[in-house]
Amino acid sequence: MRLDRVLANASVGSRTQVKNMVKKGRVCVNGEVVLAAGRAVDPNQDVITIDGEELAYSEHYYFMLHKPAGYISATEGRHDPTVLELVPDYKGLFPCGRLDKDTEGLLLIMNDGPLAHELLSPKKHVEKEYYVEHQSPLSKEDIKAIEKGVEYRDISYKGAKLHILDERSCTIVVQEGKYHEIKNIFLSLGNKVMYLKRIRMKNLILDETLKKGEYRPLSKEEIEDLKKLSI
């Protein structure tokens, strides 16, 4: 595996940042300074250090992606580009959950199946928060209905937390993660979602320094926090 790939996977920095670290002579492999970011290494056998500190390698990859509109949350697509085209080509990566093609915002990309299952399980009640722009203002009755729970086309949606920003925008927190959940909640009220962006999943908040289509590795603290799920 390439050295820069190993470093990026270990949440040391972006691919560009780790290449600069290598060029500056800050990285050693088995005690030898390495100046080629593309050098092949075995993270399970070689001792890799940065500024003298040994790298703790993990077999799992965790990325935060600022998903742009126009990409589907899938590992492959017939006609549409997938979110995996925006992140490193690491074996086994998949989107943790889904965002609709026209929905933007926070999307986790990983290869940790057990953690993804925990995060997406309805029994775990993991919160997902979205910024919503809607076609019509919400009445007091609409707000009460959303917070109590609504039904649309014979599908029930549990109550959601709502915070009104102005006449045509709000944030909404849901836990179920049903297909088209937020869009259908608004449709049940005769309203329509005009723009949708996920800004939080559990305690992980979208890094606003990431432009649409950009990603970064999760920090060790962020990964550990995601793994702290109540039973």
# chains A, B, ... in the order shown; residues from 1 in each chain; ligands from 1
>>> residues_around(residues="range 204-216 of chain A", least_positions_apart="4", cutoff="10 Å", atoms="only C-alpha atoms", output="PyMOL selection string")
chain A and resi 8-9+11+13-15+62-69+71+83+85-88+104-109+127-129+197-200+222-223+225-226
>>> closest_residue(among="A:Ala145, A:Pro217, A:Gly70, A:Val29", to="Leu55 in chain A", atoms="only C-alpha atoms")
A:Val29
>>> select_by_dssp(residues="range 4-211 of chain A", states="strand (DSSP E or B)", output="PyMOL selection string")
chain A and resi 27-29+32-33+40+48-50+53-54+62-67+72+82+94-96+104-110+128-134+149-152+155-158+161-166+169-174+193-201+204-205
>>> select_by_dssp(residues="range 59-165 of chain A", states="alpha helix (DSSP H)", output="ChimeraX atom specification")
/A:113-120,140-148
>>> write_last_selection(atoms="N, CA, C and O atoms", output="compact mmCIF listing (two decimals), in the first residue's frame")
# COMPACT_ATOMS: atom_id res chain seq x y z
N GLY A 113 -18.59 -2.33 8.52
CA GLY A 113 -19.97 -2.79 8.45
C GLY A 113 -20.70 -2.81 9.78
O GLY A 113 -21.83 -2.31 9.87
N PRO A 114 -20.10 -3.37 10.83
CA PRO A 114 -20.79 -3.41 12.12
C PRO A 114 -21.16 -2.02 12.65
O PRO A 114 -22.25 -1.82 13.17
N LEU A 115 -20.24 -1.04 12.50
CA LEU A 115 -20.55 0.30 12.99
C LEU A 115 -21.67 0.92 12.16
O LEU A 115 -22.57 1.55 12.71
N ALA A 116 -21.62 0.75 10.85
CA ALA A 116 -22.67 1.29 9.98
C ALA A 116 -24.03 0.71 10.38
O ALA A 116 -25.03 1.43 10.43
N HIS A 117 -24.06 -0.58 10.66
CA HIS A 117 -25.32 -1.23 11.07
C HIS A 117 -25.84 -0.60 12.35
O HIS A 117 -27.05 -0.34 12.48
N GLU A 118 -24.94 -0.34 13.31
CA GLU A 118 -25.35 0.27 14.57
C GLU A 118 -25.89 1.69 14.36
O GLU A 118 -26.90 2.07 14.94
N LEU A 119 -25.20 2.46 13.54
CA LEU A 119 -25.60 3.84 13.30
C LEU A 119 -26.95 3.94 12.60
O LEU A 119 -27.70 4.90 12.80
N LEU A 120 -27.25 2.96 11.76
CA LEU A 120 -28.46 3.01 10.95
C LEU A 120 -29.63 2.24 11.57
O LEU A 120 -30.76 2.33 11.07
N LYS A 140 -48.85 26.93 12.85
CA LYS A 140 -48.71 26.34 14.18
C LYS A 140 -49.20 24.91 14.18
O LYS A 140 -48.63 24.04 14.85
N GLU A 141 -50.25 24.65 13.41
CA GLU A 141 -50.79 23.30 13.31
C GLU A 141 -49.80 22.37 12.62
O GLU A 141 -49.65 21.20 13.00
N ASP A 142 -49.11 22.88 11.60
CA ASP A 142 -48.10 22.08 10.89
C ASP A 142 -46.97 21.69 11.84
O ASP A 142 -46.52 20.54 11.86
N ILE A 143 -46.53 22.66 12.62
CA ILE A 143 -45.42 22.42 13.56
C ILE A 143 -45.82 21.36 14.58
O ILE A 143 -45.05 20.43 14.87
N LYS A 144 -47.04 21.48 15.12
CA LYS A 144 -47.52 20.50 16.09
C LYS A 144 -47.60 19.11 15.47
O LYS A 144 -47.25 18.11 16.10
N ALA A 145 -48.04 19.05 14.22
CA ALA A 145 -48.18 17.76 13.53
C ALA A 145 -46.82 17.09 13.34
O ALA A 145 -46.66 15.89 13.58
N ILE A 146 -45.83 17.88 12.92
CA ILE A 146 -44.49 17.32 12.71
C ILE A 146 -43.91 16.81 14.02
O ILE A 146 -43.30 15.73 14.07
N GLU A 147 -44.13 17.57 15.09
CA GLU A 147 -43.56 17.18 16.38
C GLU A 147 -44.30 15.99 17.00
O GLU A 147 -43.72 15.23 17.78
N LYS A 148 -45.55 15.81 16.61
CA LYS A 148 -46.34 14.69 17.12
C LYS A 148 -46.14 13.43 16.28
O LYS A 148 -46.13 12.31 16.79
>>> atom_distance(atom1="CA of Ser188 in chain A", atom2="CA of Val150 in chain A")
7.0 Å
>>> closest_residue(among="A:Glu151, A:Asp100, A:Asp4, A:Glu54", to="Leu189 in chain A", atoms="only C-alpha atoms")
A:Glu151
>>> atom_distance(atom1="CA of Met201 in chain A", atom2="CA of Ser169 in chain A")
19.5 Å
>>> atom_distance(atom1="CA of Lys202 in chain A", atom2="CA of Arg5 in chain A")
27.6 Å
>>> residues_around(residues="Ser121 in chain A", least_positions_apart="5", cutoff="12 Å", atoms="only C-alpha atoms", output="ChimeraX atom specification")
/A:96-97,114-116,126-127,175-178,229-231
>>> write_last_selection(atoms="N, CA and C atoms", output="CSV table (one decimal), in the first residue's frame")
chain,number,residue,atom,x,y,z
A,96,CYS,N,-22.5,5.2,4.4
A,96,CYS,CA,-23.3,4.8,5.6
A,96,CYS,C,-24.6,5.5,5.6
A,97,GLY,N,-25.6,4.7,5.1
A,97,GLY,CA,-26.9,5.3,4.9
A,97,GLY,C,-27.0,6.0,3.5
A,114,PRO,N,-20.1,-3.4,10.8
A,114,PRO,CA,-20.8,-3.4,12.1
A,114,PRO,C,-21.2,-2.0,12.6
A,115,LEU,N,-20.2,-1.0,12.5
A,115,LEU,CA,-20.5,0.3,13.0
A,115,LEU,C,-21.7,0.9,12.2
A,116,ALA,N,-21.6,0.7,10.8
A,116,ALA,CA,-22.7,1.3,10.0
A,116,ALA,C,-24.0,0.7,10.4
A,126,VAL,N,-30.4,7.0,16.6
A,126,VAL,CA,-29.3,7.9,16.2
A,126,VAL,C,-29.9,9.2,15.5
A,127,GLU,N,-29.7,10.3,16.0
A,127,GLU,CA,-30.2,11.5,15.5
A,127,GLU,C,-29.6,12.0,14.2
A,175,GLN,N,-35.0,10.4,13.7
A,175,GLN,CA,-34.2,9.3,14.2
A,175,GLN,C,-34.4,8.0,13.3
A,176,GLU,N,-35.6,8.0,12.6
A,176,GLU,CA,-35.9,6.7,11.9
A,176,GLU,C,-35.1,6.5,10.6
A,177,GLY,N,-34.9,7.5,9.8
A,177,GLY,CA,-34.2,7.4,8.6
A,177,GLY,C,-34.9,6.6,7.5
A,178,LYS,N,-36.2,6.8,7.5
A,178,LYS,CA,-37.0,6.1,6.4
A,178,LYS,C,-36.8,6.8,5.1
A,229,LEU,N,-22.6,4.1,21.3
A,229,LEU,CA,-24.0,4.0,21.1
A,229,LEU,C,-24.7,3.3,22.2
A,230,SER,N,-25.8,3.9,22.6
A,230,SER,CA,-26.6,3.3,23.7
A,230,SER,C,-27.3,2.1,23.2
A,231,ILE,N,-27.5,1.1,24.1
A,231,ILE,CA,-28.2,-0.1,23.7
A,231,ILE,C,-29.6,0.0,24.0
>>> closest_residue(among="A:Leu7, A:Ile155, A:Val132, A:Val47", to="Asn191 in chain A", atoms="only C-alpha atoms")
A:Val132
